[in-house]
file final_4.tsv (TSV, C-alpha atoms)
chain	number	residue	atom	x	y	z
A	117	MET	CA	-18.05	84.39	-33.96
A	118	ASP	CA	-18.06	86.05	-37.37
A	119	ASN	CA	-15.20	84.04	-38.80
A	120	GLY	CA	-16.21	80.73	-37.20
A	121	ILE	CA	-16.55	77.79	-39.57
A	122	ASP	CA	-19.29	75.23	-39.00
A	123	ILE	CA	-17.86	71.73	-39.41
A	124	ARG	CA	-20.56	69.37	-40.62
A	125	VAL	CA	-20.83	65.63	-41.16
A	126	PRO	CA	-19.89	64.99	-44.80
A	127	ASP	CA	-21.55	62.58	-47.20
A	128	ILE	CA	-21.71	59.20	-45.40
A	129	GLY	CA	-23.76	57.34	-47.97
A	130	ASP	CA	-27.25	56.14	-47.14
A	131	PHE	CA	-26.65	56.17	-43.38
A	132	SER	CA	-28.52	58.47	-40.99
A	133	ASP	CA	-28.73	58.75	-37.21
A	134	VAL	CA	-25.24	57.29	-36.91
A	135	PRO	CA	-23.95	57.01	-33.31
A	136	VAL	CA	-20.91	58.99	-32.20
A	137	ILE	CA	-18.58	56.57	-30.42
A	138	GLU	CA	-15.58	58.88	-29.89
A	139	VAL	CA	-15.02	62.63	-29.63
A	140	LEU	CA	-11.35	63.24	-30.34
A	141	VAL	CA	-11.07	67.01	-29.78
A	142	ALA	CA	-12.14	69.63	-27.24
A	143	PRO	CA	-12.56	73.40	-27.42
A	144	GLY	CA	-9.16	75.05	-27.76
A	145	ALA	CA	-7.60	72.13	-29.64
A	146	VAL	CA	-5.39	73.11	-32.57
A	147	VAL	CA	-6.04	70.88	-35.57
A	148	ARG	CA	-4.76	70.51	-39.08
A	149	ALA	CA	-6.87	69.68	-42.12
A	150	GLU	CA	-7.72	65.96	-42.22
A	151	ASP	CA	-7.13	65.50	-38.48
A	152	PRO	CA	-9.96	63.31	-37.12
A	153	LEU	CA	-12.53	65.09	-34.95
A	154	ILE	CA	-15.06	62.36	-34.11
A	155	THR	CA	-15.57	58.67	-34.84
A	156	LEU	CA	-18.88	57.26	-36.07
A	157	GLU	CA	-19.98	53.64	-36.09
A	158	THR	CA	-22.49	52.22	-38.56
A	159	ASP	CA	-23.60	48.60	-38.77
A	160	LYS	CA	-20.93	48.07	-41.45
A	161	ALA	CA	-17.88	50.02	-40.35
A	162	THR	CA	-16.44	52.83	-38.31
A	163	MET	CA	-15.45	56.12	-39.89
A	164	GLU	CA	-13.70	59.27	-38.76
A	165	VAL	CA	-14.93	62.76	-39.59
A	166	PRO	CA	-11.89	64.92	-40.39
A	167	SER	CA	-11.36	68.63	-39.99
A	168	PRO	CA	-11.72	70.47	-43.31
A	169	VAL	CA	-9.34	73.27	-42.24
A	170	ASP	CA	-6.24	74.14	-40.23
A	171	GLY	CA	-7.26	76.06	-37.15
A	172	THR	CA	-8.55	76.01	-33.59
A	173	ILE	CA	-11.68	74.27	-32.32
A	174	VAL	CA	-13.97	76.88	-30.77
A	175	SER	CA	-16.78	74.56	-29.67
A	176	VAL	CA	-17.89	70.94	-30.00
A	177	SER	CA	-21.58	70.28	-30.59
A	178	VAL	CA	-21.76	66.51	-30.06
A	179	LYS	CA	-20.82	63.98	-27.42
A	180	VAL	CA	-20.43	60.22	-27.24
A	181	GLY	CA	-23.81	58.57	-27.67
A	182	ASP	CA	-25.31	61.31	-29.86
A	183	THR	CA	-26.49	60.40	-33.34
A	184	VAL	CA	-25.67	62.45	-36.43
A	185	SER	CA	-26.49	62.47	-40.14
A	186	GLN	CA	-25.06	64.15	-43.20
A	187	GLY	CA	-25.01	67.91	-42.61
A	188	THR	CA	-25.13	67.79	-38.80
A	189	VAL	CA	-22.90	70.48	-37.24
A	190	ILE	CA	-20.37	68.72	-35.01
A	191	ALA	CA	-18.03	71.61	-34.17
A	192	VAL	CA	-17.13	75.22	-34.87
A	193	ALA	CA	-13.56	76.10	-35.79
A	194	GLU	CA	-11.63	79.30	-36.39
A	195	SER	CA	-9.37	78.83	-39.37
A	196	ALA	CA	-5.66	79.44	-39.04
A	197	ALA	CA	-5.86	81.98	-41.87
A	198	ALA	CA	-8.53	83.97	-40.01
A	199	GLU	CA	-6.55	83.83	-36.77
A	200	SER	CA	-3.45	85.11	-38.56
A	201	ALA	CA	-5.35	87.96	-40.18
A	202	ALA	CA	-6.92	88.95	-36.87
A	203	ALA	CA	-3.53	88.97	-35.17
A	204	GLU	CA	-2.08	91.25	-37.85
A	205	THR	CA	-4.89	93.83	-37.65
A	206	ALA	CA	-5.50	93.86	-33.89
A	207	PRO	CA	-4.27	97.10	-32.17
A	208	VAL	CA	-1.54	96.69	-29.61
A	209	GLU	CA	-2.37	98.29	-26.27
A	210	ALA	CA	-0.15	98.70	-23.26
A	211	PRO	CA	-1.31	96.34	-20.56
A	212	ALA	CA	-3.11	98.10	-17.73
A	213	GLU	CA	-1.83	97.34	-14.28
A	214	GLN	CA	-4.57	95.57	-12.44
A	215	ALA	CA	-5.14	92.91	-9.89
A	216	PRO	CA	-5.12	89.41	-11.27
A	217	ALA	CA	-8.56	88.06	-12.00
A	218	PRO	CA	-9.68	85.29	-9.70
A	219	VAL	CA	-9.73	81.82	-11.14
A	220	VAL	CA	-13.30	80.58	-11.33
A	221	VAL	CA	-13.92	76.85	-11.48
A	222	PRO	CA	-17.32	76.29	-13.06
A	223	GLU	CA	-19.64	73.83	-11.44
A	224	ALA	CA	-20.29	70.63	-13.30
A	225	VAL	CA	-23.38	70.97	-15.42
A	226	GLU	CA	-25.37	67.90	-16.24
A	227	VAL	CA	-26.44	67.98	-19.88
A	228	ALA	CA	-29.68	66.21	-20.63
A	229	GLU	CA	-29.25	63.38	-23.08
A	230	PRO	CA	-31.59	63.23	-26.06
A	231	ALA	CA	-34.55	60.99	-25.41
A	232	THR	CA	-34.02	57.65	-27.05
A	233	ALA	CA	-36.76	55.69	-25.37
A	234	GLY	CA	-40.24	54.87	-26.47
A	235	SER	CA	-43.12	54.37	-24.11
A	236	GLU	CA	-42.94	50.64	-24.68
A	237	ASP	CA	-39.62	50.22	-22.88
A	238	GLY	CA	-40.17	52.33	-19.80
A	239	GLY	CA	-37.31	54.77	-20.31
A	240	LEU	CA	-34.67	52.36	-21.63
A	241	ARG	CA	-31.72	54.21	-23.19
A	242	ALA	CA	-30.25	52.87	-26.42
A	243	THR	CA	-29.24	54.36	-29.75
A	244	PRO	CA	-31.23	53.64	-32.93
A	245	LEU	CA	-28.37	51.41	-34.12
A	246	VAL	CA	-28.58	49.25	-30.99
A	247	ARG	CA	-32.37	49.11	-31.21
A	248	ARG	CA	-32.25	48.00	-34.83
A	249	LEU	CA	-29.63	45.35	-34.08
A	250	ALA	CA	-31.73	44.11	-31.14
A	251	ARG	CA	-34.71	43.69	-33.48
A	252	GLU	CA	-32.57	41.80	-36.00
A	253	LEU	CA	-31.21	39.50	-33.29
A	254	ASP	CA	-34.68	39.22	-31.74
A	255	VAL	CA	-33.42	40.29	-28.31
A	256	ASP	CA	-35.63	42.07	-25.75
A	257	LEU	CA	-33.59	45.13	-24.81
A	258	THR	CA	-35.26	45.34	-21.41
A	259	THR	CA	-33.40	42.14	-20.48
A	260	VAL	CA	-30.00	43.65	-21.31
A	261	THR	CA	-27.94	45.37	-18.61
A	262	GLY	CA	-26.56	48.68	-19.88
A	263	SER	CA	-23.04	49.80	-19.05
A	264	GLY	CA	-23.17	53.20	-20.79
A	265	PRO	CA	-23.89	56.60	-19.24
A	266	LYS	CA	-27.08	56.55	-17.16
A	267	GLY	CA	-27.52	52.86	-17.92
A	268	ARG	CA	-27.50	53.26	-21.70
A	269	VAL	CA	-27.39	49.90	-23.50
A	270	THR	CA	-24.36	49.90	-25.78
A	271	LYS	CA	-23.82	47.73	-28.80
A	272	GLN	CA	-21.22	45.71	-26.89
A	273	ASP	CA	-23.73	45.16	-24.05
A	274	LEU	CA	-26.19	43.74	-26.57
A	275	LEU	CA	-23.63	41.51	-28.29
A	276	THR	CA	-22.31	40.20	-24.97
A	277	HIS	CA	-25.88	39.44	-23.88
A	278	TYR	CA	-26.62	37.70	-27.18
A	279	ASP	CA	-23.37	35.70	-27.17
A	280	ARG	CA	-24.23	34.29	-23.76
A	281	GLY	CA	-27.07	32.45	-25.43
A	282	VAL	CA	-29.99	34.37	-23.97
A	283	ALA	CA	-33.22	33.21	-25.60
A	284	PRO	CA	-34.72	35.53	-28.25
A	285	ALA	CA	-37.62	37.76	-27.37
A	286	THR	CA	-40.29	36.13	-29.52
A	287	GLY	CA	-38.83	32.91	-30.84
A	288	GLY	CA	-40.02	33.89	-34.31
A	289	SER	CA	-36.55	34.53	-35.74
A	290	PRO	CA	-34.09	31.82	-36.76
A	291	ALA	CA	-31.32	33.88	-35.13
A	292	GLY	CA	-30.82	32.06	-31.86
A	293	ALA	CA	-34.14	30.16	-31.96
A	294	GLY	CA	-33.75	26.70	-30.49
A	295	ILE	CA	-29.96	26.99	-30.36
A	296	PRO	CA	-28.53	26.09	-26.95
A	297	PRO	CA	-25.94	28.50	-25.58
A	298	VAL	CA	-22.26	27.61	-25.58
A	299	PRO	CA	-21.42	26.85	-21.94
A	300	GLU	CA	-19.08	29.20	-20.12
A	301	VAL	CA	-15.71	27.60	-19.35
A	302	ASP	CA	-13.12	28.82	-16.86
A	303	PHE	CA	-10.08	28.23	-19.05
A	304	SER	CA	-7.74	29.52	-16.35
A	305	LYS	CA	-8.20	26.17	-14.57
A	306	PHE	CA	-6.12	24.55	-17.28
A	307	GLY	CA	-3.34	27.11	-17.62
A	308	PRO	CA	-2.51	30.80	-18.03
A	309	VAL	CA	-4.92	32.80	-20.20
A	310	ARG	CA	-5.07	36.33	-21.60
A	311	ARG	CA	-8.16	38.25	-22.62
A	312	VAL	CA	-8.03	40.74	-25.46
A	313	PRO	CA	-11.00	42.62	-26.90
A	314	LEU	CA	-12.21	41.83	-30.39
A	315	SER	CA	-11.30	44.43	-32.97
A	316	ARG	CA	-14.05	46.88	-33.79
A	317	ILE	CA	-14.43	45.41	-37.28
A	318	LYS	CA	-14.95	41.92	-35.89
A	319	ARG	CA	-17.45	43.14	-33.31
A	320	ILE	CA	-19.43	44.80	-36.10
A	321	SER	CA	-19.20	42.03	-38.69
A	322	GLY	CA	-19.72	39.10	-36.30
A	323	PRO	CA	-23.50	39.50	-35.84
A	324	HIS	CA	-23.94	40.06	-39.59
A	325	LEU	CA	-22.08	36.84	-40.41
A	326	GLN	CA	-24.03	34.89	-37.80
A	327	ARG	CA	-27.30	36.28	-39.10
A	328	SER	CA	-26.39	35.33	-42.68
A	329	TRP	CA	-25.32	31.83	-41.65
A	330	LEU	CA	-28.51	31.17	-39.68
A	331	ASN	CA	-30.94	32.66	-42.20
A	332	VAL	CA	-29.43	31.53	-45.52
A	333	PRO	CA	-29.49	27.82	-46.47
A	334	HIS	CA	-25.90	27.56	-47.66
A	335	VAL	CA	-24.65	25.17	-50.32
A	336	THR	CA	-21.14	25.30	-51.80
A	337	HIS	CA	-20.35	24.13	-55.33
A	338	SER	CA	-16.71	23.56	-56.31
A	339	ASP	CA	-15.04	23.57	-59.73
A	340	GLU	CA	-11.68	24.35	-61.34
A	341	ALA	CA	-10.56	26.82	-63.97
A	342	ASP	CA	-7.55	26.34	-66.23
A	343	ILE	CA	-5.80	29.70	-65.95
A	344	THR	CA	-2.50	28.74	-67.62
A	345	ASP	CA	-2.85	31.18	-70.51
A	346	LEU	CA	-4.58	33.84	-68.42
A	347	ASP	CA	-1.74	33.87	-65.90
A	348	ALA	CA	0.88	34.24	-68.63
A	349	TYR	CA	-0.97	37.24	-70.03
A	350	ARG	CA	-1.46	38.66	-66.52
A	351	ARG	CA	2.29	38.54	-65.91
A	352	GLU	CA	2.92	40.54	-69.10
A	353	LEU	CA	0.46	43.23	-68.03
A	354	ASP	CA	1.82	43.27	-64.50
A	355	GLU	CA	5.37	43.99	-65.66
A	356	THR	CA	4.17	47.11	-67.44
A	357	ALA	CA	1.82	48.12	-64.61
A	358	LYS	CA	4.57	48.00	-61.97
A	359	ALA	CA	6.38	50.79	-63.79
A	360	ASP	CA	3.23	52.91	-63.45
A	361	GLY	CA	2.86	52.20	-59.73
A	362	TYR	CA	0.13	49.55	-59.60
A	363	ARG	CA	-0.24	45.77	-59.99
A	364	VAL	CA	-2.34	43.52	-62.19
A	365	THR	CA	-3.46	40.54	-60.15
A	366	LEU	CA	-5.53	37.48	-60.92
A	367	LEU	CA	-8.36	39.05	-58.92
A	368	SER	CA	-8.84	41.71	-61.61
A	369	PHE	CA	-9.54	39.03	-64.20
A	370	LEU	CA	-11.85	37.15	-61.82
A	371	LEU	CA	-13.90	40.30	-61.25
A	372	LYS	CA	-14.25	40.82	-64.98
A	373	ALA	CA	-15.14	37.15	-65.61
A	374	ALA	CA	-17.61	37.17	-62.70
A	375	ALA	CA	-19.30	40.31	-64.02
A	376	ALA	CA	-19.79	38.75	-67.47
A	377	THR	CA	-21.14	35.57	-65.86
A	378	LEU	CA	-23.53	37.54	-63.65
A	379	ARG	CA	-24.89	39.20	-66.78
A	380	LYS	CA	-25.51	35.77	-68.31
A	381	TYR	CA	-27.16	34.42	-65.14
A	382	PRO	CA	-29.00	37.40	-63.59
A	383	GLU	CA	-30.58	35.29	-60.81
A	384	VAL	CA	-27.13	35.16	-59.18
A	385	ASN	CA	-27.05	38.98	-59.32
A	386	SER	CA	-30.25	39.31	-57.31
A	387	SER	CA	-31.67	39.53	-53.79
A	388	LEU	CA	-34.64	37.79	-52.22
A	389	SER	CA	-37.45	40.05	-51.01
A	390	GLY	CA	-40.38	38.09	-49.65
A	391	ASP	CA	-41.79	36.07	-52.53
A	392	GLU	CA	-39.99	38.15	-55.17
A	393	LEU	CA	-36.52	38.35	-56.65
A	394	VAL	CA	-34.95	41.78	-57.00
A	395	LEU	CA	-32.97	41.49	-60.25
A	396	LYS	CA	-30.31	44.20	-60.44
A	397	ASP	CA	-29.37	45.79	-63.73
A	398	TYR	CA	-25.94	46.78	-62.45
A	399	VAL	CA	-22.93	44.73	-61.39
A	400	HIS	CA	-21.07	45.91	-58.29
A	401	VAL	CA	-18.65	43.35	-56.86
A	402	GLY	CA	-17.48	43.35	-53.25
A	403	VAL	CA	-13.91	42.20	-52.58
A	404	ALA	CA	-12.93	40.85	-49.16
A	405	VAL	CA	-9.71	42.57	-48.04
A	406	ASP	CA	-7.60	41.29	-45.15
A	407	THR	CA	-6.58	44.07	-42.74
A	408	PRO	CA	-4.85	43.99	-39.34
A	409	ASP	CA	-8.26	44.47	-37.67
A	410	GLY	CA	-10.20	41.93	-39.74
A	411	LEU	CA	-11.92	41.58	-43.09
A	412	VAL	CA	-13.59	44.53	-44.80
A	413	VAL	CA	-15.41	44.40	-48.12
A	414	PRO	CA	-15.01	47.45	-50.37
A	415	VAL	CA	-17.03	47.49	-53.59
A	416	VAL	CA	-15.88	47.90	-57.19
A	417	ARG	CA	-18.79	49.44	-59.07
A	418	ASP	CA	-19.91	48.73	-62.65
A	419	VAL	CA	-17.28	46.04	-63.13
A	420	ASP	CA	-18.88	44.92	-66.39
A	421	ARG	CA	-18.18	48.37	-67.89
A	422	LYS	CA	-14.49	48.55	-66.95
A	423	GLY	CA	-11.32	47.09	-68.43
A	424	ILE	CA	-8.75	44.98	-66.64
A	425	LEU	CA	-6.31	47.86	-66.12
A	426	GLU	CA	-8.96	50.19	-64.72
A	427	ILE	CA	-10.17	47.46	-62.36
A	428	SER	CA	-6.58	46.81	-61.27
A	429	ARG	CA	-5.96	50.46	-60.41
A	430	GLU	CA	-9.21	50.68	-58.48
A	431	LEU	CA	-8.49	47.45	-56.61
A	432	GLY	CA	-5.08	48.75	-55.59
A	433	ASP	CA	-6.54	52.00	-54.30
A	434	LEU	CA	-9.37	50.32	-52.37
A	435	SER	CA	-7.04	47.74	-50.84
A	436	ALA	CA	-4.59	50.40	-49.68
A	437	ARG	CA	-7.33	52.52	-48.12
A	438	ALA	CA	-8.84	49.43	-46.48
A	439	ARG	CA	-5.56	48.54	-44.79
A	440	ASP	CA	-5.10	52.15	-43.66
A	441	GLY	CA	-8.64	52.35	-42.29
A	442	ARG	CA	-9.61	55.10	-44.72
A	443	LEU	CA	-12.60	53.48	-46.44
A	444	THR	CA	-15.84	55.47	-46.38
A	445	ALA	CA	-19.30	54.04	-45.87
A	446	THR	CA	-20.04	54.56	-49.57
A	447	ASP	CA	-17.00	52.44	-50.47
A	448	MET	CA	-18.65	49.44	-48.81
A	449	GLN	CA	-22.23	49.75	-50.02
A	450	GLY	CA	-24.18	48.38	-52.96
A	451	ALA	CA	-22.45	45.06	-53.77
A	452	THR	CA	-24.47	42.55	-55.78
A	453	PHE	CA	-21.91	39.73	-55.51
A	454	THR	CA	-18.74	39.16	-53.48
A	455	ILE	CA	-15.37	37.51	-54.11
A	456	SER	CA	-13.22	36.27	-51.24
A	457	SER	CA	-9.72	35.25	-52.33
A	458	LEU	CA	-7.28	33.28	-50.16
A	459	GLY	CA	-4.97	32.67	-53.09
A	460	GLY	CA	-2.10	34.57	-51.55
A	461	ILE	CA	-2.23	32.40	-48.43
A	462	GLY	CA	-3.15	28.87	-49.48
A	463	GLY	CA	-5.82	26.22	-49.09
A	464	THR	CA	-7.56	23.76	-51.37
A	465	ALA	CA	-11.22	24.76	-50.82
A	466	PHE	CA	-13.47	26.55	-48.33
A	467	THR	CA	-17.07	27.60	-47.79
A	468	PRO	CA	-17.40	31.39	-47.77
A	469	ILE	CA	-20.50	32.74	-46.03
A	470	VAL	CA	-23.01	34.43	-48.33
A	471	ASN	CA	-23.03	38.17	-47.65
A	472	ALA	CA	-26.83	38.53	-47.39
A	473	PRO	CA	-28.87	40.11	-48.91
A	474	GLU	CA	-26.66	38.94	-51.78
A	475	VAL	CA	-27.42	35.37	-52.85
A	476	ALA	CA	-23.93	34.11	-53.76
A	477	ILE	CA	-20.24	34.56	-53.01
A	478	LEU	CA	-17.20	33.20	-54.83
A	479	GLY	CA	-14.31	31.78	-52.82
A	480	VAL	CA	-10.90	31.38	-54.45
A	481	VAL	CA	-7.85	29.56	-53.10
A	482	ARG	CA	-4.29	29.05	-54.35
A	483	SER	CA	-3.83	27.78	-57.90
A	484	LYS	CA	-1.64	24.73	-58.50
A	485	THR	CA	-0.01	23.00	-61.41
A	486	ALA	CA	-1.69	19.68	-62.12
A	487	PRO	CA	-1.58	17.05	-64.91
A	488	VAL	CA	-4.54	17.50	-67.26
A	489	TRP	CA	-5.49	15.03	-70.02
A	490	ASP	CA	-5.65	16.79	-73.40
A	491	GLY	CA	-7.00	13.76	-75.29
A	492	GLU	CA	-3.61	12.27	-76.07
A	493	THR	CA	-1.40	12.84	-73.05
A	494	PHE	CA	-1.21	14.52	-69.64
A	495	VAL	CA	0.12	18.06	-69.77
A	496	PRO	CA	0.93	20.44	-66.87
A	497	ARG	CA	-1.73	23.13	-66.48
A	498	LEU	CA	-2.24	25.82	-63.85
A	499	MET	CA	-5.60	25.06	-62.21
A	500	LEU	CA	-7.55	27.46	-60.00
A	501	PRO	CA	-10.08	26.03	-57.49
A	502	LEU	CA	-13.39	27.93	-57.40
A	503	CYS	CA	-15.89	27.64	-54.51
A	504	LEU	CA	-19.35	29.17	-55.04
A	505	SER	CA	-21.51	29.40	-51.91
A	506	TYR	CA	-25.12	30.24	-52.66
A	507	ASP	CA	-28.56	30.74	-51.16
A	508	HIS	CA	-30.43	27.55	-52.05
A	509	ARG	CA	-33.79	29.36	-51.86
A	510	VAL	CA	-32.79	31.28	-54.99
A	511	ILE	CA	-30.13	29.18	-56.71
A	512	ASP	CA	-30.37	25.45	-57.27
A	513	GLY	CA	-27.48	23.09	-57.88
A	514	ALA	CA	-27.86	23.10	-61.65
A	515	LEU	CA	-27.69	26.90	-61.87
A	516	ALA	CA	-24.69	26.97	-59.54
A	517	ALA	CA	-22.89	24.41	-61.71
A	518	ARG	CA	-23.67	26.32	-64.93
A	519	PHE	CA	-22.57	29.61	-63.38
A	520	THR	CA	-19.24	28.23	-62.17
A	521	ALA	CA	-18.59	26.33	-65.41
A	522	HIS	CA	-19.16	29.50	-67.46
A	523	LEU	CA	-16.88	31.46	-65.17
A	524	ALA	CA	-14.17	28.82	-65.63
A	525	HIS	CA	-14.77	28.87	-69.39
A	526	LEU	CA	-14.13	32.64	-69.53
A	527	ALA	CA	-11.06	32.39	-67.32
A	528	ALA	CA	-9.53	29.73	-69.57
A	529	ASP	CA	-9.21	32.19	-72.47
A	530	VAL	CA	-8.98	35.92	-71.76
A	531	ARG	CA	-10.12	36.70	-75.31
A	532	ARG	CA	-13.61	35.56	-74.30
A	533	LEU	CA	-13.83	38.41	-71.82
A	534	SER	CA	-14.03	40.88	-74.72
A	535	LEU	CA	-16.95	39.13	-76.41

call {"tool": "encode", "arguments": {"input": "final_4.tsv", "output": "structure tokens"}}
result
Amino acid sequence: MDNGIDIRVPDIGDFSDVPVIEVLVAPGAVVRAEDPLITLETDKATMEVPSPVDGTIVSVSVKVGDTVSQGTVIAVAESAAAESAAAETAPVEAPAEQAPAPVVVPEAVEVAEPATAGSEDGGLRATPLVRRLARELDVDLTTVTGSGPKGRVTKQDLLTHYDRGVAPATGGSPAGAGIPPVPEVDFSKFGPVRRVPLSRIKRISGPHLQRSWLNVPHVTHSDEADITDLDAYRRELDETAKADGYRVTLLSFLLKAAAATLRKYPEVNSSLSGDELVLKDYVHVGVAVDTPDGLVVPVVRDVDRKGILEISRELGDLSARARDGRLTATDMQGATFTISSLGGIGGTAFTPIVNAPEVAILGVVRSKTAPVWDGETFVPRLMLPLCLSYDHRVIDGALAARFTAHLAHLAADVRRLSL
């Protein structure tokens, strides 16, 4: 078709060979620009590929289970503008009287699936994503029963198999090694039960959290920051910001203070690679955002180079897109440190799980007014609990204490953030 438009997978960050988990349109479907066409699932999130034009889908080039990368053609569409122009220029002919054409029902055609098996697994079907996850969990895929088309092993098949406590393939990985399975319990014996599937975000993030918890020796260091003056200044900025359609929250200041502290203590802004530390000369901070489907962690880039107001605007935009499910893969890549704040909910302390391959994560809970001795008397001050979980292979207790103390020092006086 001369006026057909190839619809391709847009920029999806560093991901390639991403599985298609849903095809949302069929040939003949009328779509508008930004309507979702297919859904992809990476090991971090799901994402929808939207239509770039208004028009009609002529053909669909992918199916569930296929893998795609940036630039892959997923469909061909005829734009609404082209359809309109063709309708205006087409000659009108009187219909010839003829017998109605017979309705032909095509026979079902079996389309061969792309080979996904290597010779080592005897024809086992699984996507590259599932194969990689199986290697990370140290699970022998030949022991997993597939529920997908033609026995394909899906990601949910693998996770269900792993959650049942099946022993790892080699025993060389800490993930599952020597850990007895949780026994199955028939809870219906004790009363009525309901079963609901985990949200897609939780199904994706669960194995990552378990892997981090089992592989990283976690330690959590706690401290407090006096944010009395900072909060007063924040409220002034917030009043002005509300008129411009955004908010200035405490989290903006914490990102800025954390970035300055990461610059002072670069080991905390690193990753462990074998016997070496990868020290990063950039500061990208992930922020855990609560959504109806679970936590997602968008990333604010180059925090050390941005001001409080710019960070606040970016945080507002990322949070809104996270809750609406509109984050892209790029939005959630590249963090060097993460902050998880429960301040809007409550709590006194908690142990956040390090988001490996990062080596530390800051947990924040609700601030409270407490009596603080100023050398002569007790005065009311607004105190913010800080909880730094860290990888003890990289960070020792002394470094963790210095890092958190410096962070609290910066938060106590916002003027220090400009130094």

call {"tool": "atom_distance", "arguments": {"input": "final_4.tsv", "atom1": "CA of Ala445 (chain A)", "atom2": "CA of Val146 (chain A)"}}
result
27.1 Å

call {"tool": "residues_around", "arguments": {"input": "final_4.tsv", "residues": "region 328-340 of chain A", "least_positions_apart": "3", "cutoff": "8 Å", "atoms": "all atoms listed in the file", "output": "list in words"}}
result
Pro290, Ala291, His324, Leu325, Ala465, Thr467, Ile469, Val470, Asn471, Ala472, Met499, Leu500, Pro501, Leu502, Cys503, Leu504, Ser505, Tyr506, Asp507, His508, Arg509, Gly513, Ala516, Ala517, Thr520, Ala521 and Ala524 of chain A

call {"tool": "residues_around", "arguments": {"input": "final_4.tsv", "residues": "region 372-388 of chain A", "least_positions_apart": "3", "cutoff": "10 Å", "atoms": "all atoms listed in the file", "output": "JSON, numbers by chain"}}
result
{"A": [367, 368, 369, 391, 392, 393, 394, 395, 396, 397, 398, 399, 400, 401, 418, 419, 420, 421, 422, 423, 424, 427, 451, 452, 453, 454, 455, 472, 473, 474, 475, 476, 477, 478, 506, 507, 509, 510, 511, 515, 516, 518, 519, 520, 521, 522, 523, 524, 525, 526, 527, 530, 532, 533, 534, 535]}

call {"tool": "residues_around", "arguments": {"input": "final_4.tsv", "residues": "Met448 (chain A)", "least_positions_apart": "2", "cutoff": "9 Å", "atoms": "only C-alpha atoms", "output": "VMD selection string"}}
result
chain A and resid 160 to 161 402 412 to 416 443 to 446 450 to 451

call {"tool": "axis_aligned_box", "arguments": {"input": "final_4.tsv", "around": "region 134-139 of chain A", "padding_each_side": "3 Å", "output": "lines of an AutoDock Vina configuration file"}}
result
center_x = -20.1
center_y = 59.6
center_z = -33.3
size_x = 16.2
size_y = 12.1
size_z = 13.3

call {"tool": "atom_distance", "arguments": {"input": "final_4.tsv", "atom1": "CA of Arg327 (chain A)", "atom2": "CA of Ile295 (chain A)"}}
result
13.0 Å

call {"tool": "residues_around", "arguments": {"input": "final_4.tsv", "residues": "Pro313 (chain A)", "least_positions_apart": "6", "cutoff": "12 Å", "atoms": "only C-alpha atoms", "output": "count of residues only"}}
result
4
